[in-house]
file data.cif (mmCIF, N, CA and C atoms)
data_structure
loop_
_atom_site.label_atom_id
_atom_site.label_comp_id
_atom_site.auth_asym_id
_atom_site.auth_seq_id
_atom_site.Cartn_x
_atom_site.Cartn_y
_atom_site.Cartn_z
N MET A 1 -14.50 -10.25 -8.05
CA MET A 1 -14.11 -11.40 -7.28
C MET A 1 -12.73 -11.13 -6.66
N VAL A 2 -12.59 -11.46 -5.41
CA VAL A 2 -11.30 -11.34 -4.73
C VAL A 2 -10.55 -12.65 -4.89
N ARG A 3 -9.35 -12.57 -5.44
CA ARG A 3 -8.55 -13.77 -5.67
C ARG A 3 -7.72 -14.15 -4.45
N GLY A 4 -7.29 -13.16 -3.68
CA GLY A 4 -6.48 -13.47 -2.51
C GLY A 4 -5.98 -12.22 -1.85
N GLY A 5 -5.24 -12.40 -0.78
CA GLY A 5 -4.66 -11.29 -0.07
C GLY A 5 -3.37 -11.71 0.62
N LEU A 6 -2.53 -10.74 0.90
CA LEU A 6 -1.25 -11.00 1.54
C LEU A 6 -1.05 -9.98 2.65
N VAL A 7 -0.43 -10.41 3.73
CA VAL A 7 0.01 -9.50 4.77
C VAL A 7 1.53 -9.57 4.79
N SER A 8 2.15 -8.46 4.47
CA SER A 8 3.61 -8.42 4.41
C SER A 8 4.13 -7.40 5.41
N TYR A 9 3.88 -7.68 6.68
CA TYR A 9 4.25 -6.74 7.73
C TYR A 9 5.77 -6.59 7.82
N ALA A 10 6.49 -7.69 7.77
CA ALA A 10 7.96 -7.65 7.87
C ALA A 10 8.57 -7.17 6.56
N SER A 11 9.58 -6.33 6.69
CA SER A 11 10.27 -5.81 5.49
C SER A 11 10.79 -6.94 4.61
N GLU A 12 11.30 -8.00 5.22
CA GLU A 12 11.85 -9.12 4.45
C GLU A 12 10.80 -9.77 3.56
N VAL A 13 9.56 -9.81 4.02
CA VAL A 13 8.48 -10.36 3.20
C VAL A 13 8.24 -9.46 2.00
N LYS A 14 8.29 -8.16 2.21
CA LYS A 14 8.13 -7.23 1.09
C LYS A 14 9.24 -7.45 0.06
N PHE A 15 10.47 -7.63 0.55
CA PHE A 15 11.61 -7.82 -0.36
C PHE A 15 11.52 -9.18 -1.06
N ASP A 16 11.37 -10.25 -0.27
CA ASP A 16 11.48 -11.61 -0.79
C ASP A 16 10.25 -12.08 -1.56
N LEU A 17 9.07 -11.72 -1.09
CA LEU A 17 7.85 -12.23 -1.71
C LEU A 17 7.28 -11.30 -2.77
N LEU A 18 7.35 -9.99 -2.50
CA LEU A 18 6.70 -9.03 -3.40
C LEU A 18 7.67 -8.33 -4.34
N GLY A 19 8.97 -8.57 -4.17
CA GLY A 19 9.94 -7.99 -5.10
C GLY A 19 10.25 -6.52 -4.85
N VAL A 20 10.02 -6.04 -3.62
CA VAL A 20 10.36 -4.65 -3.31
C VAL A 20 11.88 -4.52 -3.23
N THR A 21 12.40 -3.46 -3.82
CA THR A 21 13.83 -3.19 -3.78
C THR A 21 14.25 -2.95 -2.34
N PRO A 22 15.28 -3.64 -1.86
CA PRO A 22 15.71 -3.41 -0.47
C PRO A 22 16.02 -1.94 -0.21
N GLY A 23 15.57 -1.48 0.92
CA GLY A 23 15.71 -0.08 1.32
C GLY A 23 14.51 0.31 2.13
N PRO A 24 14.22 1.58 2.22
CA PRO A 24 13.05 2.02 3.00
C PRO A 24 11.76 1.42 2.45
N VAL A 25 10.94 0.92 3.35
CA VAL A 25 9.68 0.30 2.91
C VAL A 25 8.48 1.24 3.06
N VAL A 26 8.69 2.37 3.67
CA VAL A 26 7.63 3.37 3.76
C VAL A 26 7.95 4.45 2.73
N SER A 27 7.51 4.18 1.50
CA SER A 27 7.80 5.10 0.39
C SER A 27 6.81 4.83 -0.73
N ALA A 28 6.72 5.80 -1.62
CA ALA A 28 5.86 5.64 -2.80
C ALA A 28 6.32 4.48 -3.66
N SER A 29 7.64 4.37 -3.88
CA SER A 29 8.14 3.31 -4.75
C SER A 29 7.90 1.94 -4.13
N ALA A 30 8.05 1.81 -2.81
CA ALA A 30 7.79 0.52 -2.17
C ALA A 30 6.32 0.15 -2.30
N ALA A 31 5.42 1.10 -2.13
CA ALA A 31 3.98 0.82 -2.27
C ALA A 31 3.66 0.36 -3.68
N GLU A 32 4.23 1.02 -4.67
CA GLU A 32 3.99 0.62 -6.06
C GLU A 32 4.56 -0.77 -6.34
N GLU A 33 5.77 -1.03 -5.84
CA GLU A 33 6.37 -2.36 -6.05
C GLU A 33 5.58 -3.45 -5.34
N MET A 34 5.06 -3.14 -4.17
CA MET A 34 4.23 -4.11 -3.45
C MET A 34 2.97 -4.43 -4.25
N ALA A 35 2.31 -3.41 -4.78
CA ALA A 35 1.09 -3.63 -5.56
C ALA A 35 1.40 -4.44 -6.83
N ARG A 36 2.47 -4.07 -7.51
CA ARG A 36 2.87 -4.79 -8.72
C ARG A 36 3.18 -6.25 -8.38
N GLY A 37 3.93 -6.46 -7.30
CA GLY A 37 4.29 -7.82 -6.87
C GLY A 37 3.07 -8.64 -6.51
N ALA A 38 2.12 -8.04 -5.82
CA ALA A 38 0.90 -8.75 -5.45
C ALA A 38 0.09 -9.12 -6.69
N ARG A 39 0.00 -8.18 -7.64
CA ARG A 39 -0.76 -8.47 -8.87
C ARG A 39 -0.13 -9.64 -9.62
N GLU A 40 1.19 -9.64 -9.70
CA GLU A 40 1.88 -10.73 -10.40
C GLU A 40 1.78 -12.05 -9.65
N LEU A 41 1.98 -12.01 -8.34
CA LEU A 41 1.94 -13.23 -7.53
C LEU A 41 0.56 -13.86 -7.53
N LEU A 42 -0.47 -13.03 -7.43
CA LEU A 42 -1.84 -13.54 -7.37
C LEU A 42 -2.46 -13.72 -8.75
N LYS A 43 -1.74 -13.29 -9.79
CA LYS A 43 -2.25 -13.41 -11.16
C LYS A 43 -3.65 -12.79 -11.28
N CYS A 44 -3.73 -11.51 -10.90
CA CYS A 44 -5.01 -10.81 -10.94
C CYS A 44 -4.86 -9.52 -11.73
N ASP A 45 -5.96 -8.87 -12.00
CA ASP A 45 -5.96 -7.64 -12.78
C ASP A 45 -5.73 -6.39 -11.94
N VAL A 46 -6.12 -6.45 -10.67
CA VAL A 46 -6.05 -5.28 -9.80
C VAL A 46 -5.45 -5.69 -8.46
N ALA A 47 -4.51 -4.90 -7.98
CA ALA A 47 -3.95 -5.13 -6.65
C ALA A 47 -3.72 -3.79 -5.96
N MET A 48 -3.85 -3.82 -4.65
CA MET A 48 -3.63 -2.63 -3.83
C MET A 48 -2.68 -3.02 -2.72
N ALA A 49 -1.80 -2.09 -2.36
CA ALA A 49 -0.87 -2.33 -1.27
C ALA A 49 -0.83 -1.09 -0.37
N VAL A 50 -0.62 -1.32 0.92
CA VAL A 50 -0.53 -0.22 1.87
C VAL A 50 0.73 -0.40 2.70
N THR A 51 1.50 0.66 2.82
CA THR A 51 2.67 0.67 3.68
C THR A 51 2.72 2.02 4.37
N GLY A 52 3.09 2.01 5.63
CA GLY A 52 3.10 3.28 6.35
C GLY A 52 3.60 3.16 7.76
N VAL A 53 3.45 4.24 8.48
CA VAL A 53 3.90 4.34 9.87
C VAL A 53 2.68 4.55 10.75
N ALA A 54 2.34 3.53 11.54
CA ALA A 54 1.20 3.65 12.45
C ALA A 54 1.60 4.32 13.75
N GLY A 55 2.87 4.32 14.06
CA GLY A 55 3.36 4.99 15.26
C GLY A 55 3.48 4.05 16.43
N PRO A 56 3.88 4.51 17.54
CA PRO A 56 4.09 5.92 17.86
C PRO A 56 5.43 6.46 17.35
N ASP A 57 6.37 5.58 17.04
CA ASP A 57 7.70 6.02 16.62
C ASP A 57 7.76 6.26 15.12
N GLU A 58 8.75 7.02 14.70
CA GLU A 58 9.02 7.23 13.27
C GLU A 58 9.57 5.95 12.66
N GLN A 59 9.47 5.86 11.34
CA GLN A 59 10.11 4.77 10.59
C GLN A 59 10.61 5.36 9.29
N ASP A 60 11.81 4.99 8.92
CA ASP A 60 12.41 5.48 7.67
C ASP A 60 12.41 7.01 7.61
N GLY A 61 12.51 7.64 8.79
CA GLY A 61 12.54 9.10 8.85
C GLY A 61 11.19 9.77 8.67
N LEU A 62 10.12 8.99 8.67
CA LEU A 62 8.78 9.53 8.47
C LEU A 62 7.97 9.37 9.75
N GLY A 63 7.11 10.35 10.03
CA GLY A 63 6.32 10.34 11.24
C GLY A 63 5.08 9.47 11.16
N ALA A 64 4.53 9.19 12.33
CA ALA A 64 3.29 8.42 12.41
C ALA A 64 2.20 9.10 11.58
N GLY A 65 1.42 8.30 10.89
CA GLY A 65 0.35 8.82 10.05
C GLY A 65 0.73 8.98 8.59
N THR A 66 2.01 8.71 8.26
CA THR A 66 2.45 8.75 6.87
C THR A 66 2.15 7.40 6.23
N VAL A 67 1.36 7.41 5.17
CA VAL A 67 0.90 6.17 4.55
C VAL A 67 0.98 6.32 3.04
N PHE A 68 1.42 5.26 2.37
CA PHE A 68 1.43 5.20 0.91
C PHE A 68 0.57 4.02 0.46
N VAL A 69 -0.29 4.28 -0.50
CA VAL A 69 -1.15 3.25 -1.08
C VAL A 69 -0.68 3.03 -2.51
N GLY A 70 -0.30 1.80 -2.82
CA GLY A 70 0.08 1.45 -4.18
C GLY A 70 -1.08 0.80 -4.89
N LEU A 71 -1.27 1.16 -6.15
CA LEU A 71 -2.33 0.58 -6.96
C LEU A 71 -1.73 0.02 -8.24
N ALA A 72 -2.07 -1.21 -8.55
CA ALA A 72 -1.68 -1.82 -9.81
C ALA A 72 -2.97 -2.25 -10.49
N ILE A 73 -3.35 -1.47 -11.50
CA ILE A 73 -4.59 -1.73 -12.22
C ILE A 73 -4.19 -1.97 -13.67
N GLY A 74 -4.29 -3.23 -14.09
CA GLY A 74 -3.78 -3.59 -15.40
C GLY A 74 -2.29 -3.32 -15.43
N ASP A 75 -1.82 -2.64 -16.46
CA ASP A 75 -0.40 -2.31 -16.58
C ASP A 75 -0.05 -0.98 -15.92
N GLN A 76 -1.05 -0.28 -15.40
CA GLN A 76 -0.82 1.02 -14.78
C GLN A 76 -0.53 0.85 -13.28
N VAL A 77 0.58 1.40 -12.84
CA VAL A 77 0.94 1.35 -11.43
C VAL A 77 1.08 2.78 -10.93
N SER A 78 0.45 3.08 -9.80
CA SER A 78 0.48 4.43 -9.25
C SER A 78 0.46 4.35 -7.73
N HIS A 79 0.49 5.52 -7.12
CA HIS A 79 0.40 5.56 -5.66
C HIS A 79 -0.34 6.82 -5.21
N VAL A 80 -0.80 6.76 -4.00
CA VAL A 80 -1.41 7.90 -3.33
C VAL A 80 -0.75 8.00 -1.97
N GLN A 81 -0.39 9.21 -1.57
CA GLN A 81 0.16 9.41 -0.23
C GLN A 81 -0.92 9.97 0.66
N LEU A 82 -1.05 9.40 1.85
CA LEU A 82 -2.01 9.86 2.84
C LEU A 82 -1.26 10.37 4.06
N ARG A 83 -1.85 11.32 4.71
CA ARG A 83 -1.34 11.78 6.01
C ARG A 83 -2.54 11.73 6.93
N VAL A 84 -2.56 10.75 7.83
CA VAL A 84 -3.74 10.53 8.67
C VAL A 84 -3.42 10.81 10.14
N PRO A 85 -4.38 11.40 10.84
CA PRO A 85 -4.15 11.78 12.24
C PRO A 85 -4.50 10.65 13.21
N GLY A 86 -4.03 10.82 14.43
CA GLY A 86 -4.49 9.95 15.50
C GLY A 86 -3.44 9.01 16.04
N ASP A 87 -3.89 8.21 16.97
CA ASP A 87 -3.03 7.20 17.58
C ASP A 87 -2.92 6.00 16.64
N ARG A 88 -2.20 5.00 17.07
CA ARG A 88 -1.94 3.81 16.24
C ARG A 88 -3.22 3.18 15.69
N THR A 89 -4.21 3.03 16.53
CA THR A 89 -5.47 2.42 16.11
C THR A 89 -6.18 3.26 15.05
N ARG A 90 -6.22 4.56 15.27
CA ARG A 90 -6.89 5.44 14.29
C ARG A 90 -6.11 5.52 12.99
N VAL A 91 -4.80 5.55 13.06
CA VAL A 91 -4.00 5.58 11.83
C VAL A 91 -4.31 4.35 11.00
N ARG A 92 -4.39 3.20 11.63
CA ARG A 92 -4.72 1.97 10.89
C ARG A 92 -6.12 2.03 10.28
N SER A 93 -7.09 2.48 11.06
CA SER A 93 -8.47 2.57 10.55
C SER A 93 -8.59 3.56 9.41
N TYR A 94 -8.05 4.76 9.60
CA TYR A 94 -8.13 5.79 8.56
C TYR A 94 -7.34 5.38 7.32
N SER A 95 -6.26 4.65 7.51
CA SER A 95 -5.48 4.18 6.37
C SER A 95 -6.29 3.21 5.52
N ALA A 96 -7.01 2.31 6.18
CA ALA A 96 -7.85 1.36 5.45
C ALA A 96 -8.93 2.08 4.66
N ILE A 97 -9.56 3.05 5.29
CA ILE A 97 -10.60 3.83 4.61
C ILE A 97 -10.00 4.60 3.43
N GLY A 98 -8.85 5.23 3.65
CA GLY A 98 -8.19 5.98 2.58
C GLY A 98 -7.74 5.09 1.44
N ALA A 99 -7.26 3.90 1.78
CA ALA A 99 -6.82 2.96 0.74
C ALA A 99 -7.99 2.50 -0.13
N LEU A 100 -9.10 2.18 0.51
CA LEU A 100 -10.28 1.77 -0.27
C LEU A 100 -10.80 2.91 -1.13
N ASP A 101 -10.73 4.13 -0.64
CA ASP A 101 -11.13 5.28 -1.44
C ASP A 101 -10.20 5.45 -2.64
N ALA A 102 -8.89 5.28 -2.42
CA ALA A 102 -7.93 5.38 -3.52
C ALA A 102 -8.20 4.32 -4.58
N LEU A 103 -8.53 3.11 -4.13
CA LEU A 103 -8.86 2.04 -5.07
C LEU A 103 -10.12 2.39 -5.85
N ARG A 104 -11.14 2.88 -5.16
CA ARG A 104 -12.39 3.28 -5.83
C ARG A 104 -12.12 4.33 -6.89
N ARG A 105 -11.32 5.32 -6.55
CA ARG A 105 -11.01 6.38 -7.51
C ARG A 105 -10.19 5.85 -8.68
N GLY A 106 -9.28 4.93 -8.40
CA GLY A 106 -8.49 4.32 -9.47
C GLY A 106 -9.36 3.53 -10.43
N LEU A 107 -10.31 2.81 -9.89
CA LEU A 107 -11.21 2.02 -10.74
C LEU A 107 -12.17 2.93 -11.51
N ASP A 108 -12.59 4.04 -10.89
CA ASP A 108 -13.47 5.00 -11.57
C ASP A 108 -12.81 5.58 -12.81
N ARG A 109 -11.50 5.73 -12.77
CA ARG A 109 -10.79 6.30 -13.93
C ARG A 109 -10.81 5.36 -15.13
N LEU A 110 -11.16 4.11 -14.92
CA LEU A 110 -11.24 3.16 -16.03
C LEU A 110 -12.48 3.39 -16.89
N ASP A 111 -13.52 3.94 -16.28
CA ASP A 111 -14.80 4.14 -17.01
C ASP A 111 -14.69 5.18 -18.08
#

call {"tool": "encode", "arguments": {"input": "data.cif", "output": "structure tokens"}}
result
Amino acid sequence: MVRGGLVSYASEVKFDLLGVTPGPVVSASAAEEMARGARELLKCDVAMAVTGVAGPDEQDGLGAGTVFVGLAIGDQVSHVQLRVPGDRTRVRSYSAIGALDALRRGLDRLD
């Protein structure tokens, strides 16, 4: 069952709502903090977060196609880094596919 979802496009939302430490938001630690914050805020067992650079410009010194997926499954928090090709639209699409695959793999490890 899906309990809810959040869109935290603005850095301030990541900081204020999800408890991300102020600083670069395109990072492994930010993705993990986002997932942890979402799990706590939504009071759920599993949460996933995605942060990255869709392009065309760099962000936080990272190029377009750099994506971090945070997973909070129970008390375990982890991340996966993706490097996806393409323009802004493709980066977003491939990131969604990669994030769902990371979640699937994370849940498979529970079995």

call {"tool": "atom_distance", "arguments": {"input": "data.cif", "atom1": "atom C of Leu41 in chain A", "atom2": "atom C of Ser93 in chain A"}}
result
26.0 Å

call {"tool": "atom_distance", "arguments": {"input": "data.cif", "atom1": "atom N of Pro22 in chain A", "atom2": "atom C of Ala38 in chain A"}}
result
16.9 Å

call {"tool": "atom_distance", "arguments": {"input": "data.cif", "atom1": "CA of Ser27 in chain A", "atom2": "CA of Gln76 in chain A"}}
result
17.9 Å

call {"tool": "closest_residue", "arguments": {"input": "data.cif", "among": "A:Pro24, A:Gly4, A:Gly74, A:Gly98", "to": "Val50 in chain A", "atoms": "only C-alpha atoms"}}
result
A:Gly98

call {"tool": "select_by_dssp", "arguments": {"input": "data.cif", "residues": "chain A", "states": "alpha helix (DSSP H)", "output": "ChimeraX atom specification"}}
result
/A:11-16,28-42,88-108

call {"tool": "resolve_selection", "arguments": {"input": "data.cif", "expression": "the PyMOL selection byres ((chain A and resi 66) around 8)", "output": "list in words"}}
result
Val26, Ser27, Thr51, Gly52, Val53, Ala54, Gly55, Leu62, Gly63, Ala64, Gly65, Val67, Phe68, Val69, Gln81, Leu82, Arg83, Val84, Pro85 and Val91 of chain A

call {"tool": "resolve_selection", "arguments": {"input": "data.cif", "expression": "the PyMOL selection byres ((chain A and resi 35) around 7)", "output": "PyMOL selection string"}}
result
chain A and resi 30-34+36-40+47-50+70-72

call {"tool": "axis_aligned_box", "arguments": {"input": "data.cif", "around": "range 98-111 of chain A", "padding_each_side": "4 Å", "output": "lines of an AutoDock Vina configuration file"}}
result
center_x = -10.8
center_y = 4.1
center_z = -7.2
size_x = 16.0
size_y = 12.6
size_z = 29.7

call {"tool": "closest_residue", "arguments": {"input": "data.cif", "among": "A:Val25, A:Val46, A:Leu110, A:Ala96", "to": "Gln59 in chain A", "atoms": "all atoms listed in the file"}}
result
A:Val25

call {"tool": "select_by_dssp", "arguments": {"input": "data.cif", "residues": "chain A", "states": "strand (DSSP E or B)", "output": "ChimeraX atom specification"}}
result
/A:46-52,59,62,66-73,76-83

call {"tool": "closest_residue", "arguments": {"input": "data.cif", "among": "A:Leu42, A:Val77, A:Val20, A:Arg90", "to": "Pro56 in chain A", "atoms": "only C-alpha atoms"}}
result
A:Arg90

call {"tool": "build_atoms", "arguments": {"input": "data.cif", "residues": "range 34-45 of chain A", "atoms": "all heavy atoms", "output": "mmCIF file, keeping the file's coordinate frame"}}
result
data_model
loop_
_atom_site.group_PDB
_atom_site.id
_atom_site.type_symbol
_atom_site.label_atom_id
_atom_site.label_comp_id
_atom_site.auth_asym_id
_atom_site.auth_seq_id
_atom_site.Cartn_x
_atom_site.Cartn_y
_atom_site.Cartn_z
ATOM 1 N N MET A 34 5.060 -3.140 -4.170
ATOM 2 C CA MET A 34 4.230 -4.110 -3.450
ATOM 3 C C MET A 34 2.970 -4.430 -4.250
ATOM 4 O O MET A 34 2.582 -5.598 -4.373
ATOM 5 C CB MET A 34 3.844 -3.562 -2.074
ATOM 6 C CG MET A 34 4.976 -3.509 -1.080
ATOM 7 S SD MET A 34 4.545 -2.590 0.428
ATOM 8 C CE MET A 34 3.212 -3.579 1.087
ATOM 9 N N ALA A 35 2.310 -3.410 -4.780
ATOM 10 C CA ALA A 35 1.090 -3.630 -5.560
ATOM 11 C C ALA A 35 1.400 -4.440 -6.830
ATOM 12 O O ALA A 35 0.667 -5.377 -7.159
ATOM 13 C CB ALA A 35 0.438 -2.304 -5.910
ATOM 14 N N ARG A 36 2.470 -4.070 -7.510
ATOM 15 C CA ARG A 36 2.870 -4.790 -8.720
ATOM 16 C C ARG A 36 3.180 -6.250 -8.380
ATOM 17 O O ARG A 36 2.752 -7.183 -9.064
ATOM 18 C CB ARG A 36 4.076 -4.134 -9.365
ATOM 19 C CG ARG A 36 4.483 -4.773 -10.695
ATOM 20 C CD ARG A 36 5.721 -4.130 -11.317
ATOM 21 N NE ARG A 36 5.496 -2.729 -11.645
ATOM 22 C CZ ARG A 36 6.084 -1.687 -11.043
ATOM 23 N NH1 ARG A 36 6.954 -1.868 -10.074
ATOM 24 N NH2 ARG A 36 5.812 -0.459 -11.413
ATOM 25 N N GLY A 37 3.930 -6.460 -7.300
ATOM 26 C CA GLY A 37 4.290 -7.820 -6.870
ATOM 27 C C GLY A 37 3.070 -8.640 -6.510
ATOM 28 O O GLY A 37 2.980 -9.823 -6.858
ATOM 29 N N ALA A 38 2.120 -8.040 -5.820
ATOM 30 C CA ALA A 38 0.900 -8.750 -5.450
ATOM 31 C C ALA A 38 0.090 -9.120 -6.690
ATOM 32 O O ALA A 38 -0.427 -10.238 -6.797
ATOM 33 C CB ALA A 38 0.058 -7.906 -4.499
ATOM 34 N N ARG A 39 0.000 -8.180 -7.640
ATOM 35 C CA ARG A 39 -0.760 -8.470 -8.870
ATOM 36 C C ARG A 39 -0.130 -9.640 -9.620
ATOM 37 O O ARG A 39 -0.836 -10.533 -10.094
ATOM 38 C CB ARG A 39 -0.817 -7.226 -9.765
ATOM 39 C CG ARG A 39 -1.761 -7.422 -10.966
ATOM 40 C CD ARG A 39 -1.679 -6.311 -11.972
ATOM 41 N NE ARG A 39 -0.367 -6.360 -12.594
ATOM 42 C CZ ARG A 39 0.376 -5.304 -12.900
ATOM 43 N NH1 ARG A 39 -0.067 -4.097 -12.655
ATOM 44 N NH2 ARG A 39 1.541 -5.441 -13.461
ATOM 45 N N GLU A 40 1.190 -9.640 -9.700
ATOM 46 C CA GLU A 40 1.880 -10.730 -10.400
ATOM 47 C C GLU A 40 1.780 -12.050 -9.650
ATOM 48 O O GLU A 40 1.502 -13.092 -10.248
ATOM 49 C CB GLU A 40 3.342 -10.343 -10.638
ATOM 50 C CG GLU A 40 3.499 -9.209 -11.629
ATOM 51 C CD GLU A 40 4.910 -8.651 -11.715
ATOM 52 O OE1 GLU A 40 5.822 -9.165 -11.000
ATOM 53 O OE2 GLU A 40 5.113 -7.691 -12.476
ATOM 54 N N LEU A 41 1.980 -12.010 -8.340
ATOM 55 C CA LEU A 41 1.940 -13.230 -7.530
ATOM 56 C C LEU A 41 0.560 -13.860 -7.530
ATOM 57 O O LEU A 41 0.424 -15.079 -7.652
ATOM 58 C CB LEU A 41 2.374 -12.895 -6.099
ATOM 59 C CG LEU A 41 2.574 -14.063 -5.150
ATOM 60 C CD1 LEU A 41 3.737 -14.942 -5.625
ATOM 61 C CD2 LEU A 41 2.853 -13.556 -3.748
ATOM 62 N N LEU A 42 -0.470 -13.030 -7.430
ATOM 63 C CA LEU A 42 -1.840 -13.540 -7.370
ATOM 64 C C LEU A 42 -2.460 -13.720 -8.750
ATOM 65 O O LEU A 42 -3.586 -14.201 -8.848
ATOM 66 C CB LEU A 42 -2.703 -12.607 -6.521
ATOM 67 C CG LEU A 42 -2.310 -12.545 -5.045
ATOM 68 C CD1 LEU A 42 -3.076 -11.441 -4.331
ATOM 69 C CD2 LEU A 42 -2.550 -13.890 -4.368
ATOM 70 N N LYS A 43 -1.740 -13.290 -9.790
ATOM 71 C CA LYS A 43 -2.250 -13.410 -11.160
ATOM 72 C C LYS A 43 -3.650 -12.790 -11.280
ATOM 73 O O LYS A 43 -4.605 -13.430 -11.713
ATOM 74 C CB LYS A 43 -2.237 -14.862 -11.616
ATOM 75 C CG LYS A 43 -0.850 -15.457 -11.665
ATOM 76 C CD LYS A 43 -0.889 -16.919 -12.033
ATOM 77 C CE LYS A 43 0.463 -17.567 -12.146
ATOM 78 N NZ LYS A 43 1.506 -17.206 -11.249
ATOM 79 N N CYS A 44 -3.730 -11.510 -10.900
ATOM 80 C CA CYS A 44 -5.010 -10.810 -10.940
ATOM 81 C C CYS A 44 -4.860 -9.520 -11.730
ATOM 82 O O CYS A 44 -3.755 -9.131 -12.098
ATOM 83 C CB CYS A 44 -5.507 -10.524 -9.520
ATOM 84 S SG CYS A 44 -4.364 -9.577 -8.507
ATOM 85 N N ASP A 45 -5.960 -8.870 -12.000
ATOM 86 C CA ASP A 45 -5.960 -7.640 -12.780
ATOM 87 C C ASP A 45 -5.730 -6.390 -11.940
ATOM 88 O O ASP A 45 -5.234 -5.387 -12.437
ATOM 89 C CB ASP A 45 -7.309 -7.484 -13.504
ATOM 90 C CG ASP A 45 -7.551 -8.595 -14.507
ATOM 91 O OD1 ASP A 45 -6.578 -9.050 -15.137
ATOM 92 O OD2 ASP A 45 -8.715 -9.019 -14.640
#
